[in-house]
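**Student:** Sharing model-v8.cif (mmCIF, C-alpha atoms) below.
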data_coords
#
loop_
_atom_site.label_atom_id
_atom_site.label_comp_id
_atom_site.auth_asym_id
_atom_site.auth_seq_id
_atom_site.Cartn_x
_atom_site.Cartn_y
_atom_site.Cartn_z
CA MET A 1235 0.10 -12.93 -25.43
CA SER A 1236 -0.01 -12.39 -29.19
CA SER A 1237 2.36 -9.87 -30.69
CA ALA A 1238 -0.70 -7.99 -32.03
CA THR A 1239 -1.87 -7.47 -28.41
CA ALA A 1240 1.55 -6.16 -27.40
CA TRP A 1241 1.60 -3.66 -30.27
CA ILE A 1242 -1.97 -2.50 -29.62
CA VAL A 1243 -0.92 -1.70 -26.04
CA VAL A 1244 2.26 0.04 -27.19
CA ILE A 1245 0.33 2.27 -29.63
CA GLY A 1246 -2.67 2.86 -27.35
CA SER A 1247 -0.64 3.84 -24.29
CA ALA A 1248 1.61 6.08 -26.40
CA LEU A 1249 -1.36 7.99 -27.85
CA ALA A 1250 -3.03 8.36 -24.45
CA THR A 1251 0.17 9.53 -22.75
CA MET A 1252 1.15 11.98 -25.50
CA ALA A 1253 -2.31 13.54 -25.38
CA LEU A 1254 -2.32 13.84 -21.55
CA LYS A 1255 1.13 15.44 -21.48
CA ALA A 1256 0.40 17.83 -24.35
CA VAL A 1257 -3.12 19.05 -23.57
CA GLY A 1258 -2.05 21.84 -21.19
CA PRO A 1259 0.91 23.19 -23.19
CA VAL A 1260 -0.90 22.95 -26.55
CA VAL A 1261 -4.18 24.54 -25.43
CA LEU A 1262 -2.87 27.11 -22.91
CA GLY A 1263 0.77 27.45 -23.99
CA GLY A 1264 2.47 30.79 -23.30
CA ARG A 1265 -0.50 32.39 -21.57
CA PRO A 1266 -0.31 33.11 -17.84
CA LEU A 1267 -2.73 31.26 -15.60
CA PRO A 1268 -5.19 33.24 -13.46
CA ASP A 1269 -3.77 34.08 -10.00
CA ARG A 1270 -5.95 31.62 -8.14
CA LEU A 1271 -4.88 28.80 -10.46
CA THR A 1272 -1.21 29.71 -10.04
CA ARG A 1273 -1.61 29.42 -6.25
CA ILE A 1274 -3.08 25.95 -6.76
CA VAL A 1275 -0.50 24.60 -9.22
CA ALA A 1276 2.30 25.82 -6.91
CA LEU A 1277 1.09 23.14 -4.48
CA LEU A 1278 0.76 20.43 -7.13
CA GLY A 1279 4.44 19.46 -6.70
CA PRO A 1280 4.26 18.79 -2.94
CA ALA A 1281 0.89 17.02 -3.28
CA LEU A 1282 1.83 14.69 -6.16
CA LEU A 1283 5.40 13.95 -5.06
CA ALA A 1284 4.23 13.10 -1.53
CA ALA A 1285 1.54 10.83 -2.99
CA LEU A 1286 4.20 9.07 -5.09
CA VAL A 1287 6.43 8.64 -2.00
CA ALA A 1288 3.51 7.24 0.01
CA THR A 1289 2.30 4.78 -2.62
CA ALA A 1290 5.81 3.64 -3.58
CA THR A 1291 6.59 3.01 0.10
CA PHE A 1292 3.40 1.53 1.51
CA THR A 1293 1.49 -0.14 -1.33
CA THR A 1294 1.84 -3.26 -3.43
CA GLU A 1295 -0.88 -3.23 -6.08
CA GLN A 1296 -4.05 -2.62 -4.02
CA ASP A 1297 -2.69 -3.71 -0.64
CA ILE A 1298 -1.27 -1.44 2.03
CA VAL A 1299 1.89 -3.13 3.31
CA ILE A 1300 4.79 -2.34 5.59
CA ASP A 1301 7.95 -4.07 4.40
CA GLU A 1302 11.69 -3.54 3.90
CA ARG A 1303 11.05 -0.50 1.69
CA LEU A 1304 10.08 1.51 4.79
CA ALA A 1305 13.57 0.96 6.23
CA GLY A 1306 15.02 2.21 2.96
CA VAL A 1307 12.87 5.34 3.02
CA GLY A 1308 13.79 5.90 6.68
CA ALA A 1309 17.47 5.70 5.71
CA ALA A 1310 16.74 8.18 2.90
CA VAL A 1311 15.23 10.63 5.41
CA VAL A 1312 18.40 10.41 7.52
CA ALA A 1313 20.60 10.94 4.44
CA LEU A 1314 18.48 13.94 3.38
CA SER A 1315 18.76 15.47 6.87
CA PHE A 1316 22.55 15.41 6.37
CA ARG A 1317 22.01 17.20 3.03
CA ALA A 1318 23.35 14.22 1.08
CA PRO A 1319 23.23 14.47 -2.75
CA VAL A 1320 20.25 12.81 -4.44
CA LEU A 1321 22.25 9.88 -5.78
CA VAL A 1322 23.59 9.11 -2.29
CA VAL A 1323 20.05 9.28 -0.89
CA VAL A 1324 18.83 6.79 -3.49
CA ILE A 1325 21.76 4.40 -3.00
CA VAL A 1326 21.41 4.50 0.80
CA ALA A 1327 17.71 3.64 0.49
CA ALA A 1328 18.34 0.74 -1.89
CA ALA A 1329 21.23 -0.59 0.21
CA ALA A 1330 19.27 -0.45 3.49
CA THR A 1331 16.38 -2.32 1.88
CA ALA A 1332 18.63 -4.91 0.22
CA VAL A 1333 20.56 -5.59 3.44
CA LEU A 1334 17.41 -5.94 5.54
CA ARG A 1335 15.90 -8.24 2.90
CA ALA A 1336 19.02 -10.40 2.85
CA LEU A 1337 19.01 -10.67 6.66
CA THR A 1338 15.34 -11.55 7.14
CA MET B 267 25.81 27.05 -10.52
CA THR B 268 23.24 29.57 -11.73
CA SER B 269 19.97 29.93 -9.93
CA GLY B 270 16.44 31.08 -10.59
CA SER B 271 15.24 31.80 -14.11
CA GLU B 272 18.81 32.02 -15.48
CA ARG B 273 19.18 28.25 -15.45
CA THR B 274 19.77 26.71 -18.91
CA ALA B 275 19.12 23.36 -20.56
CA ARG B 276 22.67 22.37 -19.62
CA ASP B 277 21.88 23.09 -15.95
CA GLY B 278 18.87 20.83 -16.40
CA ILE B 279 21.04 17.97 -17.65
CA ARG B 280 23.52 18.50 -14.82
CA THR B 281 20.83 18.62 -12.13
CA VAL B 282 19.05 15.56 -13.44
CA ALA B 283 22.17 13.39 -13.98
CA PRO B 284 22.00 11.64 -10.58
CA LEU B 285 18.29 10.99 -11.09
CA ALA B 286 19.01 9.67 -14.60
CA ILE B 287 21.22 6.98 -13.11
CA ALA B 288 18.32 5.75 -10.99
CA VAL B 289 15.97 5.94 -13.99
CA PHE B 290 18.52 3.99 -16.05
CA ALA B 291 18.42 1.18 -13.45
CA PHE B 292 14.61 1.37 -13.42
CA GLY B 293 14.65 1.12 -17.25
CA ILE B 294 16.70 -2.08 -17.05
CA THR B 295 14.14 -3.50 -14.60
CA TYR B 296 11.32 -2.59 -16.95
CA GLY B 297 13.12 -4.20 -19.91
CA VAL B 298 13.64 -7.43 -17.95
CA LEU B 299 10.01 -7.54 -16.80
CA ALA B 300 8.55 -6.69 -20.22
CA ARG B 301 10.67 -9.30 -21.99
CA GLY B 302 9.52 -11.86 -19.42
CA THR B 303 5.84 -11.32 -20.22
CA GLY B 304 6.36 -12.32 -23.85
CA MET B 305 6.08 -8.87 -25.42
CA GLY B 306 9.12 -9.65 -27.56
CA ALA B 307 12.31 -7.62 -27.65
CA PHE B 308 11.26 -4.75 -29.86
CA ALA B 309 7.87 -3.68 -28.45
CA PRO B 310 9.15 -2.76 -24.92
CA VAL B 311 11.82 -0.48 -26.41
CA VAL B 312 9.32 1.20 -28.76
CA MET B 313 7.02 1.67 -25.75
CA SER B 314 9.80 3.47 -23.85
CA LEU B 315 10.50 5.64 -26.91
CA THR B 316 6.85 6.61 -27.40
CA THR B 317 5.10 6.39 -24.00
CA PHE B 318 8.05 7.58 -21.84
CA ALA B 319 6.38 7.21 -18.45
CA GLY B 320 7.89 4.59 -16.17
CA SER B 321 5.11 3.74 -13.76
CA ALA B 322 2.49 3.57 -16.54
CA GLN B 323 4.63 1.24 -18.61
CA PHE B 324 5.17 -1.02 -15.61
CA ALA B 325 1.43 -1.07 -14.96
CA ALA B 326 0.54 -1.88 -18.58
CA VAL B 327 3.07 -4.70 -18.75
CA THR B 328 1.95 -6.07 -15.38
CA VAL B 329 -1.65 -6.17 -16.60
CA LEU B 330 -0.60 -7.99 -19.78
CA GLY B 331 1.62 -10.37 -17.80
CA SER B 332 -1.28 -11.37 -15.55
CA GLY B 333 -3.48 -12.15 -18.56
CA GLY B 334 -5.38 -8.86 -18.79
CA SER B 335 -6.74 -7.51 -22.08
CA ALA B 336 -5.11 -4.84 -24.21
CA ALA B 337 -7.91 -2.41 -23.30
CA THR B 338 -7.30 -2.93 -19.56
CA ALA B 339 -3.56 -2.42 -20.01
CA ILE B 340 -4.08 0.82 -21.94
CA LEU B 341 -6.60 2.06 -19.35
CA ALA B 342 -4.12 1.35 -16.54
CA ALA B 343 -1.42 3.32 -18.35
CA ALA B 344 -3.79 6.22 -19.06
CA LEU B 345 -4.95 6.39 -15.42
CA LEU B 346 -1.39 6.40 -14.13
CA ASN B 347 -0.52 9.17 -16.56
CA ALA B 348 -3.65 11.24 -15.91
CA ARG B 349 -1.57 13.31 -13.46
CA TYR B 350 0.29 14.67 -16.49
CA ALA B 351 -2.81 16.68 -17.48
CA PRO B 352 -2.62 18.99 -14.40
CA ILE B 353 1.19 18.85 -14.52
CA GLY B 354 1.04 20.01 -18.16
CA VAL B 355 -1.28 22.88 -17.18
CA SER B 356 1.23 23.94 -14.49
CA VAL B 357 4.08 24.37 -17.00
CA ALA B 358 1.94 25.64 -19.91
CA PRO B 359 2.43 29.39 -19.20
CA PHE B 360 6.20 28.97 -19.61
CA MET B 361 6.05 27.10 -22.94
CA HIS B 362 6.22 29.44 -25.91
CA GLY B 363 6.71 28.64 -29.59
CA SER B 364 4.51 26.93 -32.16
CA VAL B 365 1.89 24.31 -31.36
CA TRP B 366 4.24 21.57 -32.61
CA SER B 367 7.13 22.85 -30.52
CA ARG B 368 4.90 22.93 -27.43
CA PHE B 369 3.61 19.43 -28.23
CA LEU B 370 7.15 18.02 -28.50
CA HIS B 371 8.44 19.85 -25.41
CA ALA B 372 5.45 18.51 -23.46
CA GLN B 373 6.53 14.93 -24.26
CA LEU B 374 9.66 15.49 -22.14
CA ILE B 375 7.56 16.06 -19.02
CA VAL B 376 8.09 13.29 -16.49
CA ASP B 377 7.95 13.52 -12.69
CA GLU B 378 11.71 14.01 -12.40
CA SER B 379 12.17 16.67 -15.10
CA TRP B 380 9.12 18.57 -13.84
CA ALA B 381 10.40 18.52 -10.26
CA VAL B 382 13.90 19.81 -11.07
CA ALA B 383 12.47 22.52 -13.38
CA ALA B 384 10.35 23.95 -10.54
CA GLU B 385 11.42 27.40 -9.37
CA GLY B 386 8.79 27.94 -6.67
CA GLU B 387 5.63 30.04 -6.42
CA GLY B 388 4.10 28.26 -9.40
CA ARG B 389 6.95 29.00 -11.82
CA TRP B 390 8.82 26.46 -13.99
CA ASN B 391 11.92 26.87 -16.18
CA PRO B 392 11.25 25.49 -19.70
CA ARG B 393 14.96 25.18 -20.60
CA VAL B 394 15.65 23.09 -17.49
CA LEU B 395 12.58 20.99 -18.31
CA LEU B 396 13.99 20.37 -21.82
CA GLY B 397 17.53 19.45 -20.68
CA ALA B 398 16.38 17.33 -17.75
CA GLY B 399 13.69 15.64 -19.86
CA LEU B 400 16.21 14.68 -22.56
CA GLY B 401 18.61 13.30 -19.94
CA ILE B 402 15.90 11.12 -18.37
CA TYR B 403 14.64 10.06 -21.83
CA VAL B 404 18.04 8.75 -22.97
CA ALA B 405 18.58 6.96 -19.63
CA TRP B 406 15.11 5.36 -19.77
CA VAL B 407 15.33 4.14 -23.39
CA VAL B 408 18.92 2.84 -23.14
CA GLY B 409 18.09 1.16 -19.82
CA THR B 410 15.07 -0.54 -21.38
CA ALA B 411 17.16 -1.84 -24.30
CA ILE B 412 19.81 -3.24 -21.95
CA GLY B 413 17.15 -4.91 -19.80
CA VAL B 414 15.56 -6.52 -22.86
CA ILE B 415 18.90 -7.77 -24.23
CA PHE B 416 20.63 -8.87 -21.02
CA GLY B 417 17.56 -9.64 -18.90
CA ASP B 418 18.54 -13.24 -18.22
CA LEU B 419 21.82 -12.23 -16.62
CA ILE B 420 20.35 -9.69 -14.21
CA GLY B 421 17.79 -11.64 -12.22
CA ASP B 422 15.44 -10.11 -9.64
CA PRO B 423 16.21 -6.36 -9.26
CA ASN B 424 14.34 -6.14 -5.95
CA ARG B 425 17.15 -8.17 -4.41
CA LEU B 426 19.19 -4.95 -4.84
CA GLY B 427 16.53 -2.86 -3.08
CA LEU B 428 15.59 -1.06 -6.30
CA ASP B 429 11.94 -0.90 -5.20
CA ALA B 430 13.03 1.41 -2.34
CA ALA B 431 15.08 3.61 -4.67
CA PHE B 432 11.94 5.19 -6.12
CA PRO B 433 10.22 6.43 -2.99
CA ALA B 434 13.66 7.73 -1.92
CA LEU B 435 14.06 9.52 -5.25
CA PHE B 436 10.62 11.15 -5.02
CA LEU B 437 11.35 12.11 -1.40
CA ALA B 438 14.57 13.83 -2.47
CA LEU B 439 12.59 15.72 -5.15
CA LEU B 440 9.89 16.61 -2.62
CA ALA B 441 12.26 18.03 0.04
CA PRO B 442 13.19 21.28 -1.78
CA GLN B 443 9.51 21.92 -2.59
CA ILE B 444 8.54 21.98 1.08
CA ARG B 445 8.86 25.71 1.68
CA ASN B 446 6.15 26.67 4.19
CA ARG B 447 3.18 25.39 6.17
CA VAL B 448 0.89 25.35 3.15
CA SER B 449 3.22 23.12 1.12
CA ILE B 450 3.65 20.76 4.10
CA ALA B 451 -0.13 20.57 4.42
CA ALA B 452 -0.51 19.87 0.67
CA ALA B 453 2.12 17.10 0.86
CA LEU B 454 0.54 15.41 3.91
CA LEU B 455 -2.95 15.66 2.44
CA GLY B 456 -1.77 14.30 -0.93
CA ALA B 457 -0.08 11.32 0.72
CA ALA B 458 -3.15 10.65 2.91
CA ILE B 459 -5.55 10.74 -0.06
CA ALA B 460 -3.35 8.37 -2.08
CA ILE B 461 -3.03 5.81 0.73
CA ALA B 462 -6.71 6.02 1.69
CA LEU B 463 -7.90 5.32 -1.86
CA THR B 464 -5.40 2.56 -2.71
CA PRO B 465 -7.48 -0.42 -1.50
CA PHE B 466 -10.63 0.77 -3.28
CA THR B 467 -9.57 2.12 -6.68
CA PRO B 468 -7.54 0.90 -9.69
CA ALA B 469 -3.83 1.81 -9.78
CA GLY B 470 -3.29 5.41 -10.80
CA VAL B 471 -6.55 6.79 -9.41
CA PRO B 472 -5.05 7.45 -5.93
CA ILE B 473 -2.27 9.56 -7.45
CA VAL B 474 -4.67 11.57 -9.63
CA ALA B 475 -7.01 12.12 -6.68
CA ALA B 476 -4.06 13.25 -4.54
CA SER B 477 -3.59 16.22 -6.87
CA ALA B 478 -6.82 17.60 -5.36
CA ALA B 479 -4.76 18.34 -2.22
CA CYS B 480 -3.38 21.42 -3.99
CA LEU B 481 -6.87 22.99 -3.72
CA ILE B 482 -5.96 24.00 -0.16
CA GLY B 483 -4.11 26.83 -1.94
CA LEU B 484 -7.56 28.39 -2.35
CA VAL B 485 -8.37 28.54 1.35
CA THR B 486 -5.01 29.56 2.78
CA LYS B 487 -2.90 32.67 2.44
CA ASP B 488 0.54 32.50 0.80
CA GLY B 489 3.30 31.58 3.23
CA ALA B 490 0.87 30.84 6.05
#
Write out the structure in this file as structure tokens.

**Tutor:**
Amino acid sequence: MSSATAWIVVIGSALATMALKAVGPVVLGGRPLPDRLTRIVALLGPALLAALVATATFTTEQDIVIDERLAGVGAAVVALSFRAPVLVVVIVAAAATAVLRALT
Amino acid sequence: MTSGSERTARDGIRTVAPLAIAVFAFGITYGVLARGTGMGAFAPVVMSLTTFAGSAQFAAVTVLGSGGSAATAILAAALLNARYAPIGVSVAPFMHGSVWSRFLHAQLIVDESWAVAAEGEGRWNPRVLLGAGLGIYVAWVVGTAIGVIFGDLIGDPNRLGLDAAFPALFLALLAPQIRNRVSIAAALLGAAIAIALTPFTPAGVPIVAASAACLIGLVTKDGA
């Protein structure tokens, strides 16, 4: 790839991302949302975080796959059920996946 | 530890520190990968400084690495970051100050800082968002620089199971947000939408579409 291509991507993705992040706070900043909208955005966290968990566990590009990552996430569920700190949860997941990958 | 709306920017940094370590490792991975696609040493670091969105940067670099055009790479990044439009709306009521101040604070929104700043019932703490966002930002940019510089020494990060660290991280962020039957339903529906769309849509679309799951807040009563 030419260095011009790399820089076009750097600038283009920066502008797009800055605009997407800022549009809500800049346009609506400081004003309360209508009640119905507040009820909806309260559920945005569970919906988006669960979607990120699902795609990061079960997908590779456009394929749905079951691989060593699932064992790592399973180990993370166990660690969370013991109320382990976040860093421990993450390390347990990575270690379970790495060990399984090394064994198979 | 203070709770509720008394939390400060310092609490944000403290809460996000363990996540920042994971993001730091992810930043190194990104630096290694970006360097390997021939972007040079400088461009990946500038991208982390200015785009500051891990999954989108990975997607853009992957597109470039597989011979895609600049337009395709930018589109992939924009689609993956489209979720930040509704996320920005969710925190907007709690961001005061001038337009410029709101613009700059908004740049510190990433999944992790947004999740730890949540205080339930549709409220977010802007000071925690600021502290947590700065912590993640430093970890991400420094990680990228280290990956670019020392990439050759590190090798394949997936050998260390780093690809499982991220779903685990998001799961740990999700757990405290599961408060009642409605939030469980939103989480399950969001995950189902994302998986169902994955084979048929470009990367990023499934995540954006999953945000529609929060519309069940319209048809259910609070706490049901």

**Student:** Quick one: pull the distance between atom CA of Pro310 of chain B and atom CA of Gly331 of chain B, Å, one decimal.

**Tutor:** 12.9 Å

**Student:** Would you mind listing, as a ChimeraX atom specification, all residues of chain A that have at least one atom within 6 Å of chain B, where only C-alpha atoms are what counts?

**Tutor:** /A:1239-1240,1243-1244,1246-1248,1250-1251,1254-1256,1258-1260,1262-1266,1272-1278,1280-1285,1287-1288,1290-1291,1296-1297,1303,1306-1307,1310,1321,1324,1327-1328,1331-1332

**Student:** What gap, in Å, lies between atom CA of Arg1270 of chain A and atom CA of Arg273 of chain B?

**Tutor:**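 Value for the atom CA of Arg1270 of chain A-atom CA of Arg273 of chain B distance: 26.4 Å.
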